[in-house]
$ cat upload30.pdb   # PDB, N, CA and C atoms
ATOM      1  N   MET A   1      18.147  30.051-136.428
ATOM      2  CA  MET A   1      19.390  29.614-135.826
ATOM      3  C   MET A   1      19.072  29.237-134.384
ATOM      4  N   LEU A   2      19.650  28.181-133.954
ATOM      5  CA  LEU A   2      19.342  27.655-132.631
ATOM      6  C   LEU A   2      20.637  27.418-131.874
ATOM      7  N   PHE A   3      20.685  27.897-130.648
ATOM      8  CA  PHE A   3      21.833  27.654-129.785
ATOM      9  C   PHE A   3      21.351  26.794-128.644
ATOM     10  N   ARG A   4      22.085  25.758-128.301
ATOM     11  CA  ARG A   4      21.646  24.866-127.242
ATOM     12  C   ARG A   4      22.824  24.424-126.393
ATOM     13  N   ARG A   5      22.576  24.401-125.102
ATOM     14  CA  ARG A   5      23.552  23.859-124.156
ATOM     15  C   ARG A   5      22.735  23.239-123.035
ATOM     16  N   GLY A   6      22.910  21.943-122.825
ATOM     17  CA  GLY A   6      22.145  21.249-121.798
ATOM     18  C   GLY A   6      20.661  21.329-122.096
ATOM     19  N   SER A   7      19.901  21.798-121.137
ATOM     20  CA  SER A   7      18.454  21.893-121.321
ATOM     21  C   SER A   7      18.014  23.265-121.821
ATOM     22  N   LYS A   8      18.953  24.152-122.101
ATOM     23  CA  LYS A   8      18.620  25.493-122.576
ATOM     24  C   LYS A   8      18.855  25.587-124.081
ATOM     25  N   ALA A   9      17.877  26.126-124.778
ATOM     26  CA  ALA A   9      18.001  26.343-126.220
ATOM     27  C   ALA A   9      17.399  27.696-126.545
ATOM     28  N   PHE A  10      18.018  28.412-127.467
ATOM     29  CA  PHE A  10      17.545  29.736-127.858
ATOM     30  C   PHE A  10      17.418  29.808-129.368
ATOM     31  N   PHE A  11      16.214  30.107-129.837
ATOM     32  CA  PHE A  11      15.979  30.354-131.251
ATOM     33  C   PHE A  11      16.008  31.862-131.418
ATOM     34  N   VAL A  12      16.964  32.349-132.196
ATOM     35  CA  VAL A  12      17.112  33.795-132.284
ATOM     36  C   VAL A  12      16.860  34.374-133.668
ATOM     37  N   TYR A  13      16.865  33.551-134.682
ATOM     38  CA  TYR A  13      16.715  34.115-136.011
ATOM     39  C   TYR A  13      16.367  33.005-136.971
ATOM     40  N   GLY A  14      15.422  33.233-137.820
ATOM     41  CA  GLY A  14      15.074  32.241-138.817
ATOM     42  C   GLY A  14      14.725  32.897-140.136
ATOM     43  N   PHE A  15      15.000  32.204-141.211
ATOM     44  CA  PHE A  15      14.633  32.706-142.525
ATOM     45  C   PHE A  15      14.444  31.522-143.451
ATOM     46  N   ALA A  16      13.593  31.711-144.422
ATOM     47  CA  ALA A  16      13.364  30.670-145.424
ATOM     48  C   ALA A  16      14.567  30.608-146.347
ATOM     49  N   LYS A  17      15.020  29.417-146.665
ATOM     50  CA  LYS A  17      16.171  29.278-147.552
ATOM     51  C   LYS A  17      15.871  29.860-148.939
ATOM     52  N   SER A  18      14.592  29.980-149.288
ATOM     53  CA  SER A  18      14.246  30.597-150.567
ATOM     54  C   SER A  18      14.462  32.112-150.530
ATOM     55  N   ASP A  19      14.519  32.691-149.315
ATOM     56  CA  ASP A  19      14.727  34.132-149.160
ATOM     57  C   ASP A  19      16.197  34.507-149.030
ATOM     58  N   GLN A  20      16.976  33.631-148.437
ATOM     59  CA  GLN A  20      18.381  33.928-148.162
ATOM     60  C   GLN A  20      19.131  32.611-148.063
ATOM     61  N   ASP A  21      20.295  32.502-148.723
ATOM     62  CA  ASP A  21      21.061  31.261-148.685
ATOM     63  C   ASP A  21      21.690  31.021-147.321
ATOM     64  N   ASN A  22      22.448  31.961-146.863
ATOM     65  CA  ASN A  22      23.152  31.842-145.592
ATOM     66  C   ASN A  22      23.268  33.216-144.952
ATOM     67  N   ILE A  23      23.659  33.215-143.684
ATOM     68  CA  ILE A  23      23.916  34.495-143.040
ATOM     69  C   ILE A  23      25.350  34.922-143.338
ATOM     70  N   ARG A  24      25.572  36.215-143.239
ATOM     71  CA  ARG A  24      26.913  36.739-143.490
ATOM     72  C   ARG A  24      27.837  36.413-142.307
ATOM     73  N   ARG A  25      29.121  36.530-142.535
ATOM     74  CA  ARG A  25      30.102  36.248-141.474
ATOM     75  C   ARG A  25      29.923  37.170-140.270
ATOM     76  N   ASP A  26      29.640  38.452-140.526
ATOM     77  CA  ASP A  26      29.459  39.385-139.408
ATOM     78  C   ASP A  26      28.202  39.032-138.611
ATOM     79  N   GLU A  27      27.160  38.546-139.283
ATOM     80  CA  GLU A  27      25.954  38.104-138.584
ATOM     81  C   GLU A  27      26.253  36.878-137.733
ATOM     82  N   LEU A  28      27.003  35.930-138.291
ATOM     83  CA  LEU A  28      27.371  34.729-137.551
ATOM     84  C   LEU A  28      28.166  35.092-136.301
ATOM     85  N   LYS A  29      29.110  36.005-136.437
ATOM     86  CA  LYS A  29      29.911  36.450-135.292
ATOM     87  C   LYS A  29      29.018  37.067-134.212
ATOM     88  N   ALA A  30      28.066  37.898-134.621
ATOM     89  CA  ALA A  30      27.154  38.537-133.658
ATOM     90  C   ALA A  30      26.267  37.494-132.978
ATOM     91  N   PHE A  31      25.777  36.516-133.732
ATOM     92  CA  PHE A  31      24.940  35.477-133.141
ATOM     93  C   PHE A  31      25.721  34.610-132.160
ATOM     94  N   ARG A  32      26.967  34.338-132.477
ATOM     95  CA  ARG A  32      27.795  33.552-131.549
ATOM     96  C   ARG A  32      28.028  34.322-130.249
ATOM     97  N   LYS A  33      28.247  35.613-130.361
ATOM     98  CA  LYS A  33      28.431  36.447-129.164
ATOM     99  C   LYS A  33      27.146  36.464-128.344
ATOM    100  N   LEU A  34      26.007  36.633-129.009
ATOM    101  CA  LEU A  34      24.728  36.620-128.316
ATOM    102  C   LEU A  34      24.494  35.277-127.632
ATOM    103  N   ALA A  35      24.831  34.188-128.311
ATOM    104  CA  ALA A  35      24.668  32.855-127.721
ATOM    105  C   ALA A  35      25.489  32.723-126.457
ATOM    106  N   ASP A  36      26.733  33.168-126.493
ATOM    107  CA  ASP A  36      27.586  33.110-125.303
ATOM    108  C   ASP A  36      26.959  33.877-124.142
ATOM    109  N   GLU A  37      26.441  35.071-124.443
ATOM    110  CA  GLU A  37      25.832  35.895-123.396
ATOM    111  C   GLU A  37      24.550  35.265-122.859
ATOM    112  N   MET A  38      23.701  34.752-123.736
ATOM    113  CA  MET A  38      22.438  34.146-123.309
ATOM    114  C   MET A  38      22.680  32.879-122.488
ATOM    115  N   LEU A  39      23.650  32.080-122.891
ATOM    116  CA  LEU A  39      23.914  30.818-122.197
ATOM    117  C   LEU A  39      24.571  31.028-120.843
ATOM    118  N   MET A  40      25.082  32.223-120.577
ATOM    119  CA  MET A  40      25.662  32.520-119.264
ATOM    120  C   MET A  40      24.605  32.951-118.253
ATOM    121  N   LEU A  41      23.405  33.295-118.728
ATOM    122  CA  LEU A  41      22.360  33.757-117.817
ATOM    123  C   LEU A  41      21.884  32.623-116.918
ATOM    124  N   ASP A  42      21.694  32.929-115.632
ATOM    125  CA  ASP A  42      21.160  31.918-114.722
ATOM    126  C   ASP A  42      19.636  31.928-114.803
ATOM    127  N   ASP A  43      18.991  31.012-114.096
ATOM    128  CA  ASP A  43      17.539  30.888-114.148
ATOM    129  C   ASP A  43      16.826  32.172-113.726
ATOM    130  N   ASN A  44      17.358  32.881-112.723
ATOM    131  CA  ASN A  44      16.743  34.134-112.274
ATOM    132  C   ASN A  44      16.807  35.205-113.361
ATOM    133  N   ALA A  45      17.938  35.307-114.023
ATOM    134  CA  ALA A  45      18.091  36.303-115.084
ATOM    135  C   ALA A  45      17.189  35.963-116.272
ATOM    136  N   LEU A  46      17.082  34.683-116.596
ATOM    137  CA  LEU A  46      16.187  34.278-117.686
ATOM    138  C   LEU A  46      14.733  34.569-117.334
ATOM    139  N   ALA A  47      14.351  34.278-116.103
ATOM    140  CA  ALA A  47      12.977  34.554-115.660
ATOM    141  C   ALA A  47      12.677  36.051-115.739
ATOM    142  N   ALA A  48      13.634  36.881-115.356
ATOM    143  CA  ALA A  48      13.448  38.335-115.427
ATOM    144  C   ALA A  48      13.319  38.790-116.879
ATOM    145  N   ALA A  49      14.109  38.205-117.769
ATOM    146  CA  ALA A  49      14.035  38.569-119.192
ATOM    147  C   ALA A  49      12.693  38.167-119.793
ATOM    148  N   VAL A  50      12.157  37.038-119.367
ATOM    149  CA  VAL A  50      10.826  36.621-119.820
ATOM    150  C   VAL A  50       9.781  37.582-119.277
ATOM    151  N   LYS A  51       9.891  37.908-118.006
ATOM    152  CA  LYS A  51       8.912  38.782-117.358
ATOM    153  C   LYS A  51       8.869  40.168-117.997
ATOM    154  N   ASN A  52      10.043  40.706-118.355
ATOM    155  CA  ASN A  52      10.057  42.061-118.922
ATOM    156  C   ASN A  52       9.886  42.074-120.443
ATOM    157  N   GLY A  53       9.716  40.907-121.041
ATOM    158  CA  GLY A  53       9.429  40.824-122.467
ATOM    159  C   GLY A  53      10.636  40.817-123.381
ATOM    160  N   THR A  54      11.837  40.767-122.809
ATOM    161  CA  THR A  54      13.050  40.733-123.628
ATOM    162  C   THR A  54      13.118  39.452-124.444
ATOM    163  N   ILE A  55      12.728  38.346-123.823
ATOM    164  CA  ILE A  55      12.673  37.061-124.513
ATOM    165  C   ILE A  55      11.315  36.420-124.242
ATOM    166  N   MET A  56      10.973  35.432-125.048
ATOM    167  CA  MET A  56       9.724  34.713-124.883
ATOM    168  C   MET A  56      10.058  33.235-124.669
ATOM    169  N   GLU A  57       9.450  32.641-123.654
ATOM    170  CA  GLU A  57       9.690  31.235-123.379
ATOM    171  C   GLU A  57       8.687  30.393-124.157
ATOM    172  N   ILE A  58       9.209  29.396-124.837
ATOM    173  CA  ILE A  58       8.398  28.436-125.568
ATOM    174  C   ILE A  58       8.658  27.076-124.929
ATOM    175  N   GLU A  59       7.621  26.444-124.440
ATOM    176  CA  GLU A  59       7.787  25.130-123.814
ATOM    177  C   GLU A  59       7.627  24.029-124.843
ATOM    178  N   TYR A  60       8.470  23.026-124.745
ATOM    179  CA  TYR A  60       8.432  21.884-125.652
ATOM    180  C   TYR A  60       8.309  20.629-124.819
ATOM    181  N   HIS A  61       7.322  19.849-125.117
ATOM    182  CA  HIS A  61       7.093  18.596-124.403
ATOM    183  C   HIS A  61       7.122  17.456-125.408
ATOM    184  N   GLY A  62       8.315  17.222-125.980
ATOM    185  CA  GLY A  62       8.455  16.277-127.063
ATOM    186  C   GLY A  62       8.723  14.920-126.614
TER     187      GLY A  62
END
$ encode --input "upload30.pdb" --output "structure tokens"
Amino acid sequence: MLFRRGSKAFFVYGFAKSDQDNIRRDELKAFRKLADEMLMLDDNALAAAVKNGTIMEIEYHG
């Protein structure tokens, strides 16, 4: 699942469609809440989360 706003994108969960058809409604609700919280973080907060290992930054040069 990918959340994106502007130049920020967060991949938080993935599964093979052969393993699971869809996520449950409660999972979707939790992911939407997480997306809202992650997208509110400023650059300093994101940098701190990367530094402490909470999240991992993946660079894309497409």
$ atom_distance --input "upload30.pdb" --atom1 "atom C of Val50 of chain A" --atom2 "atom N of Asp36 of chain A"
18.9 Å
$ select_by_dssp --input "upload30.pdb" --residues "chain A" --states "alpha helix (DSSP H)" --output "list in words"
Arg25, Asp26, Glu27, Leu28, Lys29, Ala30, Phe31, Arg32, Lys33, Leu34, Ala35, Asp36, Glu37, Met38, Leu39, Met40, Asp43, Asn44, Ala45, Leu46, Ala47, Ala48, Ala49, Val50 and Lys51 of chain A
$ atom_distance --input "upload30.pdb" --atom1 "atom CA of Asn52 of chain A" --atom2 "atom CA of Ile23 of chain A"
28.8 Å
$ resolve_selection --input "upload30.pdb" --expression "the PyMOL selection byres (((chain A and resi 8 and name CA) around 12) and name CA)" --output "list in words"
Leu2, Phe3, Arg4, Arg5, Gly6, Ser7, Ala9, Phe10, Phe11, Ala35, Met38, Leu39, Met40, Leu41, Asp42, Asp43, Leu46, Glu57, Ile58, Glu59 and Tyr60 of chain A
$ write_last_selection --input "upload30.pdb" --atoms "N, CA and C atoms" --output "JSON list (two decimals), keeping the file's coordinate frame"
[["chain", "number", "residue", "atom", "x", "y", "z"],
["A", 2, "LEU", "N", 19.65, 28.18, -133.95],
["A", 2, "LEU", "CA", 19.34, 27.66, -132.63],
["A", 2, "LEU", "C", 20.64, 27.42, -131.87],
["A", 3, "PHE", "N", 20.68, 27.90, -130.65],
["A", 3, "PHE", "CA", 21.83, 27.65, -129.78],
["A", 3, "PHE", "C", 21.35, 26.79, -128.64],
["A", 4, "ARG", "N", 22.08, 25.76, -128.30],
["A", 4, "ARG", "CA", 21.65, 24.87, -127.24],
["A", 4, "ARG", "C", 22.82, 24.42, -126.39],
["A", 5, "ARG", "N", 22.58, 24.40, -125.10],
["A", 5, "ARG", "CA", 23.55, 23.86, -124.16],
["A", 5, "ARG", "C", 22.74, 23.24, -123.04],
["A", 6, "GLY", "N", 22.91, 21.94, -122.82],
["A", 6, "GLY", "CA", 22.14, 21.25, -121.80],
["A", 6, "GLY", "C", 20.66, 21.33, -122.10],
["A", 7, "SER", "N", 19.90, 21.80, -121.14],
["A", 7, "SER", "CA", 18.45, 21.89, -121.32],
["A", 7, "SER", "C", 18.01, 23.26, -121.82],
["A", 9, "ALA", "N", 17.88, 26.13, -124.78],
["A", 9, "ALA", "CA", 18.00, 26.34, -126.22],
["A", 9, "ALA", "C", 17.40, 27.70, -126.54],
["A", 10, "PHE", "N", 18.02, 28.41, -127.47],
["A", 10, "PHE", "CA", 17.55, 29.74, -127.86],
["A", 10, "PHE", "C", 17.42, 29.81, -129.37],
["A", 11, "PHE", "N", 16.21, 30.11, -129.84],
["A", 11, "PHE", "CA", 15.98, 30.35, -131.25],
["A", 11, "PHE", "C", 16.01, 31.86, -131.42],
["A", 35, "ALA", "N", 24.83, 34.19, -128.31],
["A", 35, "ALA", "CA", 24.67, 32.85, -127.72],
["A", 35, "ALA", "C", 25.49, 32.72, -126.46],
["A", 38, "MET", "N", 23.70, 34.75, -123.74],
["A", 38, "MET", "CA", 22.44, 34.15, -123.31],
["A", 38, "MET", "C", 22.68, 32.88, -122.49],
["A", 39, "LEU", "N", 23.65, 32.08, -122.89],
["A", 39, "LEU", "CA", 23.91, 30.82, -122.20],
["A", 39, "LEU", "C", 24.57, 31.03, -120.84],
["A", 40, "MET", "N", 25.08, 32.22, -120.58],
["A", 40, "MET", "CA", 25.66, 32.52, -119.26],
["A", 40, "MET", "C", 24.60, 32.95, -118.25],
["A", 41, "LEU", "N", 23.40, 33.30, -118.73],
["A", 41, "LEU", "CA", 22.36, 33.76, -117.82],
["A", 41, "LEU", "C", 21.88, 32.62, -116.92],
["A", 42, "ASP", "N", 21.69, 32.93, -115.63],
["A", 42, "ASP", "CA", 21.16, 31.92, -114.72],
["A", 42, "ASP", "C", 19.64, 31.93, -114.80],
["A", 43, "ASP", "N", 18.99, 31.01, -114.10],
["A", 43, "ASP", "CA", 17.54, 30.89, -114.15],
["A", 43, "ASP", "C", 16.83, 32.17, -113.73],
["A", 46, "LEU", "N", 17.08, 34.68, -116.60],
["A", 46, "LEU", "CA", 16.19, 34.28, -117.69],
["A", 46, "LEU", "C", 14.73, 34.57, -117.33],
["A", 57, "GLU", "N", 9.45, 32.64, -123.65],
["A", 57, "GLU", "CA", 9.69, 31.24, -123.38],
["A", 57, "GLU", "C", 8.69, 30.39, -124.16],
["A", 58, "ILE", "N", 9.21, 29.40, -124.84],
["A", 58, "ILE", "CA", 8.40, 28.44, -125.57],
["A", 58, "ILE", "C", 8.66, 27.08, -124.93],
["A", 59, "GLU", "N", 7.62, 26.44, -124.44],
["A", 59, "GLU", "CA", 7.79, 25.13, -123.81],
["A", 59, "GLU", "C", 7.63, 24.03, -124.84],
["A", 60, "TYR", "N", 8.47, 23.03, -124.74],
["A", 60, "TYR", "CA", 8.43, 21.88, -125.65],
["A", 60, "TYR", "C", 8.31, 20.63, -124.82]]
$ atom_distance --input "upload30.pdb" --atom1 "atom N of Arg25 of chain A" --atom2 "atom C of Gly53 of chain A"
27.0 Å
$ axis_aligned_box --input "upload30.pdb" --around "segment 40-55 of chain A" --padding-each-side "3 Å" --output "lines of an AutoDock Vina configuration file"
center_x = 17.3
center_y = 36.5
center_z = -118.4
size_x = 22.8
size_y = 17.2
size_z = 18.2
